[in-house]
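This is data37.cif (mmCIF, C-alpha atoms).
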```cif
data_final
#
loop_
_atom_site.label_atom_id
_atom_site.label_comp_id
_atom_site.auth_asym_id
_atom_site.auth_seq_id
_atom_site.Cartn_x
_atom_site.Cartn_y
_atom_site.Cartn_z
CA MET A 1 0.00 0.00 0.00
CA LYS A 2 2.74 2.41 0.99
CA ALA A 3 4.76 1.52 -2.11
CA ILE A 4 1.79 2.13 -4.35
CA THR A 5 1.21 5.54 -2.79
CA VAL A 6 4.82 6.55 -3.26
CA ALA A 7 4.76 5.45 -6.89
CA ALA A 8 1.52 7.30 -7.52
CA ILE A 9 2.86 10.48 -5.97
CA SER A 10 6.10 10.41 -7.90
CA ALA A 11 4.17 9.77 -11.13
CA LEU A 12 2.11 12.86 -10.39
CA LEU A 13 5.16 14.97 -9.67
CA SER A 14 7.34 13.82 -12.50
CA PRO A 15 6.30 16.28 -15.24
CA LEU A 16 7.27 19.18 -13.00
CA SER A 17 10.29 17.75 -11.29
CA HIS A 18 12.10 16.76 -14.48
CA GLY A 19 14.39 19.12 -16.36
CA ALA A 20 13.79 20.72 -19.74
CA ASP A 21 15.01 17.78 -21.74
CA ASP A 22 12.21 15.51 -20.64
CA ALA A 23 9.27 17.17 -22.40
CA SER A 24 7.70 14.73 -24.83
CA GLY A 25 7.91 15.19 -28.60
CA GLU A 26 4.21 15.85 -28.79
CA ARG A 27 4.39 18.53 -26.10
CA LEU A 28 7.35 20.21 -27.83
CA TYR A 29 5.54 20.09 -31.17
CA THR A 30 2.53 21.86 -29.64
CA MET A 31 4.74 24.51 -28.07
CA TYR A 32 7.08 25.34 -30.95
CA CYS A 33 5.80 23.93 -34.23
CA THR A 34 2.02 24.33 -34.34
CA GLN A 35 2.24 28.11 -34.81
CA CYS A 36 3.18 27.37 -38.45
CA HIS A 37 2.57 23.65 -39.02
CA GLY A 38 -0.87 23.68 -37.39
CA MET A 39 -2.61 21.99 -34.51
CA HIS A 40 -3.25 18.97 -36.78
CA GLY A 41 0.27 19.01 -38.26
CA ASN A 42 -1.21 19.57 -41.72
CA GLY A 43 0.87 22.66 -42.51
CA LEU A 44 -2.08 24.99 -41.96
CA GLY A 45 -0.93 26.75 -38.78
CA VAL A 46 -2.27 30.14 -37.72
CA ASN A 47 0.60 31.89 -39.52
CA SER A 48 0.29 29.95 -42.76
CA SER A 49 -2.40 32.04 -44.45
CA ARG A 50 0.00 34.99 -44.52
CA MET A 51 3.17 33.11 -45.46
CA SER A 52 4.74 33.27 -48.92
CA VAL A 53 5.90 29.65 -48.70
CA GLN A 54 3.51 27.16 -47.14
CA PRO A 55 4.79 25.14 -44.18
CA ARG A 56 5.26 21.41 -44.78
CA SER A 57 2.37 19.14 -43.93
CA HIS A 58 3.63 16.51 -41.53
CA ILE A 59 0.76 14.12 -42.11
CA GLU A 60 1.61 13.36 -45.75
CA ARG A 61 3.13 9.92 -45.65
CA GLU A 62 4.81 9.96 -49.07
CA GLU A 63 6.49 13.33 -48.63
CA MET A 64 7.66 12.54 -45.14
CA MET A 65 8.94 9.08 -46.00
CA ALA A 66 11.20 10.71 -48.60
CA ARG A 67 13.17 12.31 -45.73
CA SER A 68 15.60 10.50 -43.47
CA ASP A 69 15.61 11.05 -39.71
CA GLU A 70 18.96 12.78 -40.12
CA GLU A 71 17.51 15.26 -42.59
CA LEU A 72 14.57 16.00 -40.28
CA PHE A 73 16.97 16.52 -37.37
CA LYS A 74 19.10 18.86 -39.47
CA VAL A 75 16.25 21.01 -40.73
CA ILE A 76 14.89 21.48 -37.20
CA GLN A 77 18.31 22.30 -35.78
CA GLN A 78 19.72 24.42 -38.61
CA GLY A 79 16.67 25.66 -40.48
CA GLY A 80 15.25 25.35 -43.99
CA LYS A 81 18.26 26.94 -45.66
CA SER A 82 20.49 24.07 -44.49
CA ILE A 83 18.65 21.68 -46.83
CA ASP A 84 18.02 24.24 -49.60
CA LYS A 85 14.48 24.95 -48.48
CA SER A 86 12.82 28.18 -47.40
CA ASN A 87 14.40 30.38 -44.73
CA LEU A 88 10.89 30.73 -43.30
CA MET A 89 11.66 27.46 -41.52
CA PRO A 90 13.84 28.81 -38.70
CA ALA A 91 16.82 27.13 -37.03
CA TRP A 92 15.73 25.91 -33.58
CA GLY A 93 19.14 24.61 -32.51
CA ASP A 94 19.64 27.30 -29.85
CA ASN A 95 16.16 26.91 -28.38
CA LEU A 96 16.11 23.12 -28.24
CA SER A 97 18.56 20.52 -26.93
CA GLU A 98 19.61 17.64 -29.18
CA GLU A 99 17.50 15.28 -27.06
CA GLU A 100 14.48 17.49 -27.64
CA ILE A 101 15.09 17.61 -31.38
CA SER A 102 15.32 13.81 -31.45
CA ALA A 103 12.02 13.64 -29.55
CA LEU A 104 10.51 15.91 -32.21
CA VAL A 105 11.80 13.71 -35.04
CA ALA A 106 10.19 10.70 -33.33
CA HIS A 107 6.93 12.64 -33.05
CA LEU A 108 7.06 13.54 -36.77
CA ARG A 109 7.34 9.84 -37.55
CA GLN A 110 4.30 9.24 -35.38
CA LEU A 111 2.33 11.99 -37.18
CA CYS A 112 3.11 10.94 -40.72
CA CYS A 113 3.32 7.26 -40.57
CA LYS A 114 1.63 5.59 -37.65
CA GLU A 115 -1.99 4.62 -38.22
CA SER A 116 -3.25 6.47 -35.12
CA GLY A 117 -1.53 9.73 -36.06
CA ASN A 118 -2.57 9.68 -39.72
CA GLU A 119 -5.79 10.97 -41.24
CA MET B 1 -9.32 40.85 -2.67
CA GLN B 2 -12.03 42.58 -0.69
CA ALA B 3 -14.45 43.17 -3.59
CA LYS B 4 -17.25 40.60 -3.76
CA CYS B 5 -18.72 40.19 -7.21
CA LEU B 6 -22.37 39.58 -7.90
CA PRO B 7 -22.97 38.78 -11.57
CA THR B 8 -25.21 41.81 -11.98
CA LEU B 9 -22.61 44.06 -10.48
CA VAL B 10 -19.66 43.02 -12.60
CA ALA B 11 -19.06 46.54 -13.88
CA LEU B 12 -19.14 47.97 -10.37
CA CYS B 13 -16.99 45.16 -9.11
CA LEU B 14 -14.39 45.76 -11.81
CA SER B 15 -14.18 49.41 -10.97
CA ALA B 16 -13.88 48.49 -7.30
CA ILE B 17 -10.93 46.25 -8.12
CA ALA B 18 -9.36 48.75 -10.46
CA GLY B 19 -9.97 51.58 -8.01
CA TYR B 20 -7.97 50.17 -5.11
CA SER B 21 -6.71 52.85 -2.81
CA HIS B 22 -4.45 51.49 -0.13
CA GLY B 23 -1.51 49.17 0.52
CA ALA B 24 2.04 48.98 -0.79
CA PRO B 25 2.38 49.04 -4.62
CA ALA B 26 4.02 45.60 -4.61
CA ASP B 27 1.03 44.05 -2.83
CA LYS B 28 -1.47 45.78 -5.08
CA VAL B 29 0.29 44.65 -8.23
CA ALA B 30 0.56 41.11 -6.86
CA GLU B 31 -3.16 41.17 -6.14
CA LEU B 32 -4.25 42.74 -9.43
CA CYS B 33 -1.81 41.17 -11.85
CA GLY B 34 -0.16 38.20 -10.15
CA SER B 35 -2.87 35.69 -11.00
CA CYS B 36 -1.94 35.91 -14.69
CA HIS B 37 1.53 37.48 -14.92
CA ALA B 38 4.79 36.21 -13.36
CA LEU B 39 6.14 38.93 -11.06
CA GLU B 40 9.17 36.88 -10.11
CA ARG B 41 11.45 34.74 -12.23
CA PRO B 42 9.86 31.30 -12.65
CA ASP B 43 11.89 28.30 -11.56
CA TYR B 44 12.79 27.32 -15.12
CA GLU B 45 15.44 24.86 -13.98
CA THR B 46 12.92 22.72 -12.11
CA GLN B 47 9.87 23.19 -14.29
CA GLY B 48 11.48 22.84 -17.72
CA ARG B 49 9.16 23.31 -20.69
CA GLU B 50 6.07 22.72 -18.56
CA GLU B 51 6.54 26.21 -17.17
CA ARG B 52 5.38 27.60 -20.52
CA PHE B 53 2.23 25.50 -20.47
CA SER B 54 1.31 26.98 -17.08
CA ARG B 55 1.44 30.61 -18.27
CA LYS B 56 -1.64 32.74 -18.61
CA ALA B 57 0.15 35.89 -19.82
CA PRO B 58 3.60 37.28 -20.64
CA PRO B 59 6.01 37.52 -17.67
CA LEU B 60 6.29 40.97 -16.09
CA TYR B 61 9.11 40.42 -13.61
CA PHE B 62 11.56 42.29 -15.89
CA ALA B 63 9.06 44.96 -16.97
CA GLY B 64 11.48 47.76 -16.03
CA ASN B 65 14.00 46.43 -18.54
CA LYS B 66 11.44 45.97 -21.29
CA TYR B 67 8.77 48.65 -21.62
CA ARG B 68 8.75 52.36 -22.13
CA ARG B 69 7.04 53.78 -19.06
CA GLU B 70 4.70 56.08 -21.01
CA TRP B 71 3.52 53.16 -23.13
CA LEU B 72 2.92 51.00 -20.06
CA ALA B 73 0.85 53.64 -18.28
CA GLY B 74 -1.13 54.20 -21.48
CA PHE B 75 -1.72 50.50 -22.14
CA LEU B 76 -3.07 49.94 -18.62
CA GLN B 77 -5.68 52.65 -19.22
CA GLU B 78 -6.47 51.64 -22.79
CA PRO B 79 -5.31 48.08 -23.42
CA TYR B 80 -5.34 46.66 -26.94
CA PRO B 81 -4.46 43.19 -28.27
CA LEU B 82 -0.74 42.55 -28.76
CA HIS B 83 -0.88 38.86 -29.66
CA PRO B 84 -3.46 38.60 -32.45
CA SER B 85 -4.09 34.90 -31.80
CA GLY B 86 -3.62 35.01 -28.03
CA TYR B 87 -0.54 34.30 -25.92
CA PHE B 88 0.62 30.68 -26.00
CA PRO B 89 -0.62 28.35 -24.54
CA GLU B 90 -3.86 30.37 -24.36
CA ARG B 91 -4.12 30.53 -28.14
CA LYS B 92 -7.51 31.49 -29.55
CA LEU B 93 -8.01 29.64 -32.82
CA ARG B 94 -10.81 28.63 -35.14
CA ASP B 95 -10.34 25.17 -36.63
CA THR B 96 -11.40 25.68 -40.28
CA PRO B 97 -10.94 23.68 -43.51
CA GLU B 98 -8.45 26.38 -44.61
CA GLY B 99 -6.49 25.81 -41.43
CA ASP B 100 -6.06 27.39 -38.00
CA MET B 101 -7.41 30.94 -38.03
CA PRO B 102 -6.99 33.62 -35.34
CA ASP B 103 -10.19 34.09 -33.37
CA GLU B 104 -10.11 37.79 -32.48
CA ASN B 105 -13.55 37.60 -30.89
CA ALA B 106 -12.34 35.05 -28.35
CA LEU B 107 -9.60 37.34 -27.00
CA ALA B 108 -10.51 38.45 -23.49
CA ALA B 109 -10.52 42.18 -22.81
CA HIS B 110 -7.61 43.19 -20.58
CA LEU B 111 -8.04 44.65 -17.13
CA GLN B 112 -8.27 48.43 -17.36
CA LEU B 113 -7.03 50.93 -14.77
CA SER B 114 -7.79 54.56 -14.03
CA GLU B 115 -5.14 57.16 -14.88
CA SER B 116 -3.80 57.44 -11.35
CA ASP B 117 -3.78 53.69 -10.69
CA ALA B 118 -2.09 53.07 -14.05
CA ALA B 119 0.61 55.58 -13.14
CA GLU B 120 1.23 53.93 -9.79
CA VAL B 121 1.32 50.41 -11.24
CA ALA B 122 3.58 51.52 -14.10
CA ASP B 123 5.99 53.17 -11.65
CA TYR B 124 6.18 49.99 -9.62
CA LEU B 125 6.63 47.73 -12.65
CA MET B 126 9.38 49.99 -14.01
CA SER B 127 11.29 49.35 -10.79
CA LEU B 128 11.55 45.63 -11.65
CA GLN B 129 14.93 45.46 -13.39
CA PRO B 130 16.63 42.11 -12.81
CA TYR B 131 18.29 42.24 -16.26
CA ALA B 132 19.63 45.81 -16.09
CA GLU B 133 23.02 44.43 -17.09
CA LEU B 134 21.71 43.07 -20.41
CA ILE B 135 20.43 46.57 -21.16
CA THR B 136 23.57 48.50 -20.18
CA GLN B 137 25.79 46.00 -22.04
CA ASP B 138 23.83 46.40 -25.26
CA SER B 139 25.57 48.50 -27.88
CA TYR B 140 22.64 49.60 -30.08
CA SER B 141 22.59 53.25 -31.07
CA GLU B 142 19.81 54.70 -33.19
CA GLY B 143 20.41 54.72 -36.91
CA LYS B 144 18.50 55.13 -40.14
CA VAL B 145 17.47 52.43 -42.54
CA ALA B 146 15.72 53.03 -45.88
CA LEU B 147 12.14 51.82 -45.45
CA ARG B 148 12.30 49.74 -48.64
CA MET B 149 15.49 47.95 -47.62
CA GLY B 150 14.25 47.46 -44.07
CA THR B 151 11.00 45.94 -45.27
CA LEU B 152 12.80 43.56 -47.60
CA ASP B 153 15.17 42.56 -44.82
CA PHE B 154 12.43 41.97 -42.19
CA ARG B 155 10.15 40.07 -44.55
CA LYS B 156 12.16 38.31 -47.21
CA PHE B 157 15.70 37.93 -45.90
CA LYS B 158 15.01 37.32 -42.20
CA GLY B 159 11.50 35.86 -42.42
CA CYS B 160 10.29 37.73 -39.33
CA ASP B 161 6.88 38.29 -40.86
CA ALA B 162 6.10 34.57 -40.69
CA CYS B 163 5.06 35.29 -37.10
CA HIS B 164 4.99 39.09 -36.68
CA GLN B 165 3.02 41.90 -38.27
CA ASP B 166 5.06 44.92 -39.36
CA SER B 167 1.86 46.53 -40.61
CA THR B 168 -1.79 45.72 -40.01
CA ASP B 169 -2.07 43.97 -43.36
CA ASN B 170 1.18 41.99 -43.43
CA GLY B 171 2.57 39.25 -41.27
CA GLY B 172 1.57 36.25 -39.17
CA PHE B 173 -0.40 35.93 -35.98
CA SER B 174 1.56 33.89 -33.45
CA GLY B 175 3.99 36.58 -32.32
CA PRO B 176 3.21 40.02 -30.87
CA ILE B 177 2.49 42.79 -33.37
CA LEU B 178 5.64 44.79 -34.06
CA TYR B 179 4.40 47.91 -35.82
CA ASP B 180 3.99 49.39 -32.35
CA ALA B 181 7.23 47.91 -30.96
CA TRP B 182 9.24 51.15 -31.07
CA ASN B 183 6.65 52.97 -29.00
CA ARG B 184 6.19 50.05 -26.61
CA LEU B 185 9.67 48.68 -25.98
CA GLN B 186 13.01 50.11 -24.90
CA PRO B 187 15.39 50.13 -27.90
CA HIS B 188 18.05 48.25 -25.93
CA TYR B 189 15.50 45.60 -24.99
CA ILE B 190 14.63 44.99 -28.63
CA SER B 191 18.30 44.76 -29.53
CA ALA B 192 19.29 42.54 -26.57
CA PHE B 193 16.24 40.31 -27.04
CA LEU B 194 17.10 39.75 -30.71
CA LYS B 195 20.70 38.94 -29.84
CA ASN B 196 19.58 36.27 -27.41
CA PRO B 197 15.90 35.84 -26.53
CA LEU B 198 16.79 32.90 -24.25
CA GLN B 199 18.50 35.21 -21.77
CA TRP B 200 15.11 36.82 -21.27
CA ASP B 201 12.98 33.73 -21.53
CA PRO B 202 14.37 30.19 -21.88
CA ASN B 203 10.87 29.05 -22.84
CA THR B 204 10.28 31.59 -25.56
CA ILE B 205 8.71 30.17 -28.70
CA MET B 206 10.57 32.66 -30.86
CA PRO B 207 13.50 31.02 -32.68
CA VAL B 208 16.87 32.50 -31.68
CA PRO B 209 17.86 34.61 -34.71
CA GLN B 210 21.17 33.58 -36.22
CA MET B 211 22.47 37.09 -36.81
CA ASN B 212 25.45 39.26 -36.01
CA GLU B 213 25.11 42.48 -34.08
CA GLN B 214 25.04 44.71 -37.13
CA ALA B 215 22.13 42.74 -38.62
CA VAL B 216 20.26 43.01 -35.30
CA HIS B 217 20.75 46.77 -35.19
CA LYS B 218 19.43 47.12 -38.76
CA LEU B 219 16.22 45.35 -37.72
CA VAL B 220 15.86 47.60 -34.67
CA ASP B 221 16.29 50.61 -36.97
CA TYR B 222 13.54 49.19 -39.16
CA LEU B 223 11.15 48.87 -36.20
CA LYS B 224 12.04 52.47 -35.34
CA ALA B 225 11.33 53.58 -38.90
CA ILE B 226 7.91 51.92 -39.08
CA GLY B 227 7.07 52.99 -35.51
CA GLU B 228 7.75 56.61 -36.32
CA THR B 229 5.73 56.63 -39.53
CA GLU B 230 2.65 55.11 -37.82
#
```
Would you put the structure from the file into structure tokens?
Amino acid sequence: MKAITVAAISALLSPLSHGADDASGERLYTMYCTQCHGMHGNGLGVNSSRMSVQPRSHIEREEMMARSDEELFKVIQQGGKSIDKSNLMPAWGDNLSEEEISALVAHLRQLCCKESGNE
Amino acid sequence: MQAKCLPTLVALCLSAIAGYSHGAPADKVAELCGSCHALERPDYETQGREERFSRKAPPLYFAGNKYRREWLAGFLQEPYPLHPSGYFPERKLRDTPEGDMPDENALAAHLQLSESDAAEVADYLMSLQPYAELITQDSYSEGKVALRMGTLDFRKFKGCDACHQDSTDNGGFSGPILYDAWNRLQPHYISAFLKNPLQWDPNTIMPVPQMNEQAVHKLVDYLKAIGETE
């Protein structure tokens, strides 16, 4: 009984007591990416209607499968220019740790290519 | 808070809150503003990214290093929306077939103060200067930029208008409007923030610009130029 209580309490506390690197990919996506890529990841974020280049849809399987994890990591860290795409995709390498960027790449794979995350 | 609010007396109640008359400024500001705005530095180290998800409004604990006092006193008397789609995570969006659209009608009206209360609150907030060093270390000095070049730089070369409006009819909705930035913000704050926004807010959702100092100063000059032609 005591052990269960302790486990339950530490489970409740864990999101707050962990450091920055422990936010999940989905959480990070909501915080940083949805402003342009949209709450559904379809590229239709709140900024998109006024942008000269449309943000990538992350739910298009074909398009996303054409990119390696390394490329996705690079474009998040160093921006669109680093892979000859639009500079409207900023470099997030100073905002986000490498662990966080990896978590985002994993979330992109979930969005594009796992049944539950696809539309 | 001593004011008790009956639904029918909301207007009276608001004026009772806004018309406080006693107590130390720090306590009043804590009471009036502290439920939404951070008045002390959040414990970023412990809370990590979750801190951002707990915010209701922009932090004010470094207000004295950020705002122009006259703007602050004016805003508190006549507030207007700064984040056209709300302040993350309290984003106000319509989910449409064309995508996420800003929902201006869902933005809550900001608390409004009388002239004398606004002056008192502004004076207190201007005394909050934990980052004075970032301001004094900043080397920006006012310069001129041709409007045409500045516009091209802000929009096309630096891509700032993905998130920010530099005029009412151009620019995105997730960041604060910037056509009023020169009148609202201290020039050294704009410059220091652009050099490293993380020093001000490790959980900012603005990407750290990859620019040298000269490029930063050119953008500040552009905000000055559009602010002065408003």
List, as a VMD selection string, every residue that the PyMOL selection byres ((chain B and resi 135) around 8) selects in the file provided.
chain B and resid 65 131 to 134 136 to 138 188 to 189 192
Which chain B residues have any atom within 6 Å of an atom of chain A, and for each, what is the nearest pair of atoms with distance in Å to one decimal, counting all atoms listed in the file, rows sorted by chain and number, as a tab-separated table?
```
residue	atom	partner	partner_atom	distance
B:Thr46	CA	A:Ser17	CA	5.7
B:Gln47	CA	A:Leu16	CA	5.0
B:Gly48	CA	A:Ala20	CA	3.7
B:Arg49	CA	A:Ala20	CA	5.4
B:Gly99	CA	A:Leu44	CA	4.5
B:Asp100	CA	A:Val46	CA	4.7
B:Met101	CA	A:Val46	CA	5.2
B:Gly159	CA	A:Leu88	CA	5.2
B:Ala162	CA	A:Met51	CA	5.8
B:Gly171	CA	A:Arg50	CA	5.9
B:Gly172	CA	A:Asn47	CA	4.5
B:Phe173	CA	A:Asn47	CA	5.5
B:Ser174	CA	A:Gln35	CA	6.0
B:Ile205	CA	A:Tyr32	CA	5.6
B:Pro207	CA	A:Trp92	CA	5.6
```
_Counting only C-alpha atoms, find residues at most 6 Å from (1.4, 27.6, -23.3) (file frame) and give them as JSON, numbers by chain._
{"B": [52, 53, 55, 88, 89]}
| message | When the PyMOL selection byres ((chain A and resi 74) around 12) is applied to the structure above, which residues does it catch, written out as a PyMOL selection string? | response | chain A and resi 67-73+75-85+89-93+98+101-102+104-105
Those selected residues, please, written with C-alpha atoms and delivered as a PDB file, in the frame of the given file.
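Heads up, here's the output in out22.pdb:
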```pdb
ATOM      1  CA  ARG A  67      13.170  12.310 -45.730  1.00  0.00           C
ATOM      2  CA  SER A  68      15.600  10.500 -43.470  1.00  0.00           C
ATOM      3  CA  ASP A  69      15.610  11.050 -39.710  1.00  0.00           C
ATOM      4  CA  GLU A  70      18.960  12.780 -40.120  1.00  0.00           C
ATOM      5  CA  GLU A  71      17.510  15.260 -42.590  1.00  0.00           C
ATOM      6  CA  LEU A  72      14.570  16.000 -40.280  1.00  0.00           C
ATOM      7  CA  PHE A  73      16.970  16.520 -37.370  1.00  0.00           C
ATOM      8  CA  VAL A  75      16.250  21.010 -40.730  1.00  0.00           C
ATOM      9  CA  ILE A  76      14.890  21.480 -37.200  1.00  0.00           C
ATOM     10  CA  GLN A  77      18.310  22.300 -35.780  1.00  0.00           C
ATOM     11  CA  GLN A  78      19.720  24.420 -38.610  1.00  0.00           C
ATOM     12  CA  GLY A  79      16.670  25.660 -40.480  1.00  0.00           C
ATOM     13  CA  GLY A  80      15.250  25.350 -43.990  1.00  0.00           C
ATOM     14  CA  LYS A  81      18.260  26.940 -45.660  1.00  0.00           C
ATOM     15  CA  SER A  82      20.490  24.070 -44.490  1.00  0.00           C
ATOM     16  CA  ILE A  83      18.650  21.680 -46.830  1.00  0.00           C
ATOM     17  CA  ASP A  84      18.020  24.240 -49.600  1.00  0.00           C
ATOM     18  CA  LYS A  85      14.480  24.950 -48.480  1.00  0.00           C
ATOM     19  CA  MET A  89      11.660  27.460 -41.520  1.00  0.00           C
ATOM     20  CA  PRO A  90      13.840  28.810 -38.700  1.00  0.00           C
ATOM     21  CA  ALA A  91      16.820  27.130 -37.030  1.00  0.00           C
ATOM     22  CA  TRP A  92      15.730  25.910 -33.580  1.00  0.00           C
ATOM     23  CA  GLY A  93      19.140  24.610 -32.510  1.00  0.00           C
ATOM     24  CA  GLU A  98      19.610  17.640 -29.180  1.00  0.00           C
ATOM     25  CA  ILE A 101      15.090  17.610 -31.380  1.00  0.00           C
ATOM     26  CA  SER A 102      15.320  13.810 -31.450  1.00  0.00           C
ATOM     27  CA  LEU A 104      10.510  15.910 -32.210  1.00  0.00           C
ATOM     28  CA  VAL A 105      11.800  13.710 -35.040  1.00  0.00           C
TER      29      VAL A 105
END
```
Here atom CA of A:Lys114 and atom CA of A:Gln54 stand apart by 23.6 Å
As a check of understanding: the span from atom CA of B:His164 to atom CA of B:Leu223 is 11.6 Å
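Between atom CA of B:Gly86 and atom CA of B:Asp180 the interatomic distance comes to 16.8 Å.
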| said: I'd like the neighbourhood of A:Met64 as a count of residues only, where a residue qualifies if any of its atoms comes within 9 Å (using only C-alpha atoms), though same-chain residues fewer than 4 positions away should be ignored. | reply: 9
Original post:
Which neighbours of B:Trp71 fall inside 8 Å, counting all atoms listed in the file, when residues of the same chain fewer than 4 positions from it are skipped, and could you give them as a ChimeraX atom specification?
Top reply: /B:67,75,183-184
* Asked: Which of these residues is nearest to A:Glu26, using all atoms listed in the file: A:Glu99, A:Glu63, A:His107, A:Gly41?
  ->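 Answer, going by the shortest atom-to-atom distance: A:His107.
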**Item:** Evaluate the PyMOL selection byres ((chain B and resi 181) around 12) and report residues as a ChimeraX atom specification
**Value:** /B:66-68,71,82,164-167,175-180,182-191,219-228,230
What does the file look like for those residues with C-alpha atoms, as an mmCIF file, in the coordinates of the input?
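Listed below is the output, result_32.cif:
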```cif
data_model
loop_
_atom_site.group_PDB
_atom_site.id
_atom_site.type_symbol
_atom_site.label_atom_id
_atom_site.label_comp_id
_atom_site.auth_asym_id
_atom_site.auth_seq_id
_atom_site.Cartn_x
_atom_site.Cartn_y
_atom_site.Cartn_z
ATOM 1 C CA LYS B 66 11.440 45.970 -21.290
ATOM 2 C CA TYR B 67 8.770 48.650 -21.620
ATOM 3 C CA ARG B 68 8.750 52.360 -22.130
ATOM 4 C CA TRP B 71 3.520 53.160 -23.130
ATOM 5 C CA LEU B 82 -0.740 42.550 -28.760
ATOM 6 C CA HIS B 164 4.990 39.090 -36.680
ATOM 7 C CA GLN B 165 3.020 41.900 -38.270
ATOM 8 C CA ASP B 166 5.060 44.920 -39.360
ATOM 9 C CA SER B 167 1.860 46.530 -40.610
ATOM 10 C CA GLY B 175 3.990 36.580 -32.320
ATOM 11 C CA PRO B 176 3.210 40.020 -30.870
ATOM 12 C CA ILE B 177 2.490 42.790 -33.370
ATOM 13 C CA LEU B 178 5.640 44.790 -34.060
ATOM 14 C CA TYR B 179 4.400 47.910 -35.820
ATOM 15 C CA ASP B 180 3.990 49.390 -32.350
ATOM 16 C CA TRP B 182 9.240 51.150 -31.070
ATOM 17 C CA ASN B 183 6.650 52.970 -29.000
ATOM 18 C CA ARG B 184 6.190 50.050 -26.610
ATOM 19 C CA LEU B 185 9.670 48.680 -25.980
ATOM 20 C CA GLN B 186 13.010 50.110 -24.900
ATOM 21 C CA PRO B 187 15.390 50.130 -27.900
ATOM 22 C CA HIS B 188 18.050 48.250 -25.930
ATOM 23 C CA TYR B 189 15.500 45.600 -24.990
ATOM 24 C CA ILE B 190 14.630 44.990 -28.630
ATOM 25 C CA SER B 191 18.300 44.760 -29.530
ATOM 26 C CA LEU B 219 16.220 45.350 -37.720
ATOM 27 C CA VAL B 220 15.860 47.600 -34.670
ATOM 28 C CA ASP B 221 16.290 50.610 -36.970
ATOM 29 C CA TYR B 222 13.540 49.190 -39.160
ATOM 30 C CA LEU B 223 11.150 48.870 -36.200
ATOM 31 C CA LYS B 224 12.040 52.470 -35.340
ATOM 32 C CA ALA B 225 11.330 53.580 -38.900
ATOM 33 C CA ILE B 226 7.910 51.920 -39.080
ATOM 34 C CA GLY B 227 7.070 52.990 -35.510
ATOM 35 C CA GLU B 228 7.750 56.610 -36.320
ATOM 36 C CA GLU B 230 2.650 55.110 -37.820
#
```
Quick one: what's the axis-aligned box for stretch 40-48 of chain A, all listed atoms, 6 Å on every side, centre and edges in Å to one decimal, as JSON?
```
{"center_x": -1.2, "center_y": 25.4, "center_z": -39.8, "size_x": 16.1, "size_y": 24.9, "size_z": 18.0}
```
